[in-house]
Amino acid sequence: MLTYKFMQIAFVVAILLGISIPLVGSSAVFKRLSSSGDALAHSSLAGVAIGLAAGLNPLLISIITCIVSFFIIELLRKKFNKYSEVGVAVVLSAAIGIAGILSSFTSASNFDSYLFGSILLISDTELYITIGLTVVIVLFSVIFYPQIFAMLYSVNESKVSGIKVNLLTFVQDLLLSITIAIGAKIVGSLVVSSLVVLPTAIALQMKKGYKFTMIASVLFSVGAMISGLVIAYYANLKPGATIVTVSVALLLLMIIYRGILTMINNHKLKQSEKIKSQE
Amino acid sequence: MIQFEHVSFSYPDTPVLNDVCFHLEEGQFVGILGPNGGGKSTFLRLALGLLKPSSGTITRTDKKISYIAQTTAISDTSFPATVEEVIALGLVDSKIKLNFRERKKKVKEIMEKANLTPFRKRLVNELSGGQLQRVKIAKALISEPSLLVLDEPDAGMDEQAHENLVHIVHELHEKKTSILFVSHHPHDLEDADAIYFIEQGQIMTYEAELERGHHHVNL
């Protein structure tokens with residue numbers, strides 16, 4: 001499998017995205033913005049449709065559309081205040097509408113490659129962009145780890161202690177938008193939003209601290225990417241869809257494991273209470 | 001030091017504070033009382049720089065401010081953070097430059113002081129109200145602030161935890177830390193140098209409010 005160059009590149013890109021997506025995606029999950037990944041993924045699709053219809057670089061237009069969409073979501077979140085999820089729904093609907101209309105003006109195969117991704121057909125430019133993006137995200141996440149953590153814990157307390165909350169949020173939003181646009185090209189628009197949420201959701205099941213959750217979500221993500229690619233290769237399945245299915249399976253296994261663990265602990269507790277009462 | 005000069009604040013179509021003048025000197029302990037919806041939280045958010053006044057000026061000279069909020073994201077969510085991690089957050093951007101080992105030592109010391117060592121690996125959202133409050137206080141104090149701001153921090157506290165909090169505030173006041181304490185309970189503010197009452201967007205000294213005969217509480 002690894003004798004093919006396209007598979008080697010696919011594995012490298014899968015590992016890089018496996019690292020970068022949860023690093024920026026987890027903040028969206030903690031800020032209760034999980035569904036924004038969905039809206040952004042659909043916005044990237046709208047961007048691709050605009051690019052293809054206008055004869056411009058689809059990936060570039062997709063990145064720009066994602067960034068603009070995220071800031072529209074933020075704007076609408078503030079506008080609707082208590083109904084903050086409305087912003088996500090509005091952008092999602094608009095993106096589907098635009099992508100649907102403009103897709104009639106583009107070649108179906110080209111559009112499909114963005115819908116389901118093309119991890120096995122990665123150009124050198126896409127590889128370099130992914131490497132660059134991952135380096136930036138890892139550096140940002142490590143250097144600003146305490147500030148990001150403090151901000152997620154409490155925005156107000158962070159502002160008071162002098163953390164530049166608005167600037168950090170802006171950079172985070174920017175990185176998430178770019179990651180989703182690039183991830184959408186590689187694993188597909190329909191798949192990338194799940195990868196924003198699932199690794200963190202799996203890691204959260206372990207009920208550990210922030211640092212542990214972050215490391216675990218990256219490990220789960222990379223693990224799901226690699227095993228998804230291997231399964232897709234041998235079973236001749238779509239890689240993006242297989243990666244997501246593996247992630248969902250991991251989450252289910254983790255939920256079952258937690259359930260069994262809780263049952264055992266409860267049983268032990270009851271037993272010790274029984275022994276105590278007998279004494 | 002915090003100084004409000006003729007500060008007014010309104011949300012669109014809703015005036016909240018009107019022409020407020022207020023002064024908190026260095027090392028002073030000032031208490032704030034008042035009914036819910038009277039403008040206390042807005043006053044505090046203005047004092048902390050979280051809101052900008054619609055008119056008037058606010059001057060703040062303190063460089064190290066710690067804030068114990070009424071509620072935090074952690075209390076009602078499943079945000080994953082251990083007691084040890086949350087307390088260490090108090091040192092982020094606190095202007096105290098410490099290396100990794102010094103930070104760890106400082107966190108360890110404050111956990112021991114607050115009787116939180118046995119819970120250090122526990123998630124904060126699994127703690128009781130009183131334990132969570134101790135974590136919040138430890139986080140606020142680890143940075144050795146020059147100004148401590150407390151916004152009704154006794155919610156969910158048992159009697160013992162509440163007494164401990166009042167004792168800690170008393171100790172800090174003796175060490176000349178400035179304190180701005182918003183509370184529901186006048187007896188929390190027994191040591192205060194001055195107490196203000198905020199109601200319907202107006203601020204007045206608590207004595208003046210008592211003279212108006214609205215609140216007969218013995219301090």
# chains A, B, ... in the order shown; residues from 1 in each chain; ligands from 1
call {"tool": "residues_around", "arguments": {"residues": "Met204 of chain B", "least_positions_apart": "6", "cutoff": "10 Å", "atoms": "only C-alpha atoms", "output": "list in words"}}
result
Val20, Cys21, Phe22, Ile32, Ile195, Tyr196, Phe197 and Ile198 of chain B
call {"tool": "closest_atom_pairs", "arguments": {"of": "chain A", "to": "chain B", "cutoff": "7 Å", "atoms": "only C-alpha atoms", "output": "Markdown table"}}
result
| residue | atom | partner | partner_atom | distance |
| --- | --- | --- | --- | --- |
| A:Phe30 | CA | B:Phe79 | CA | 6.7 |
| A:Pro146 | CA | B:Val92 | CA | 6.3 |
| A:Gln147 | CA | B:Val92 | CA | 6.7 |
| A:Ala150 | CA | B:Leu89 | CA | 6.0 |
| A:Tyr153 | CA | B:Ala73 | CA | 6.1 |
| A:Ser154 | CA | B:Ala73 | CA | 5.9 |
| A:Glu157 | CA | B:Tyr67 | CA | 6.0 |
| A:Val160 | CA | B:Leu48 | CA | 6.3 |
| A:Ser161 | CA | B:Ile65 | CA | 6.3 |
| A:Gly162 | CA | B:Asp93 | CA | 6.3 |
| A:Ile163 | CA | B:Asp93 | CA | 6.5 |
| A:Lys207 | CA | B:Pro80 | CA | 6.8 |
| A:Lys208 | CA | B:Pro80 | CA | 6.3 |
| A:Gly209 | CA | B:Ala81 | CA | 4.2 |
| A:Tyr210 | CA | B:Ala81 | CA | 4.9 |
call {"tool": "select_by_dssp", "arguments": {"residues": "segment 102-228 of chain A", "states": "helix (DSSP H, G or I)", "output": "PyMOL selection string"}}
result
chain A and resi 102-103+108-116+124-143+145-153+155-160+165-187+189-204+210-228
call {"tool": "residues_around", "arguments": {"residues": "segment 53-55 of chain B", "least_positions_apart": "3", "cutoff": "7 Å", "atoms": "only C-alpha atoms", "output": "short mmCIF file (atom, residue, chain, number, x, y, z; two decimals) with C-alpha atoms, in the first residue's frame"}}
result
data_model
loop_
_atom_site.label_atom_id
_atom_site.label_comp_id
_atom_site.auth_asym_id
_atom_site.auth_seq_id
_atom_site.Cartn_x
_atom_site.Cartn_y
_atom_site.Cartn_z
CA VAL B 7 -20.35 57.77 34.48
CA SER B 8 -23.57 56.83 32.72
CA PHE B 9 -24.25 53.62 30.87
CA SER B 10 -27.17 52.50 28.74
CA LEU B 46 -17.51 48.96 33.88
#
call {"tool": "select_by_dssp", "arguments": {"residues": "segment 65-132 of chain B", "states": "strand (DSSP E or B)", "output": "list in words"}}
result
Ile65, Ser66, Tyr67, Ile68, Thr82 and Leu123 of chain B
call {"tool": "residues_around", "arguments": {"residues": "Val248 of chain A", "least_positions_apart": "6", "cutoff": "10 Å", "atoms": "only C-alpha atoms", "output": "PyMOL selection string"}}
result
chain A and resi 194-195+198-199+201-202+224+242+254
call {"tool": "residues_around", "arguments": {"residues": "Val171 of chain A", "least_positions_apart": "5", "cutoff": "12 Å", "atoms": "only C-alpha atoms", "output": "ChimeraX atom specification"}}
result
/A:24,27,67,70-71,136-137,140-141,144,148,164-166,176-178
call {"tool": "atom_distance", "arguments": {"atom1": "atom CA of Leu75 of chain A", "atom2": "atom CA of Val90 of chain A"}}
result
11.5 Å
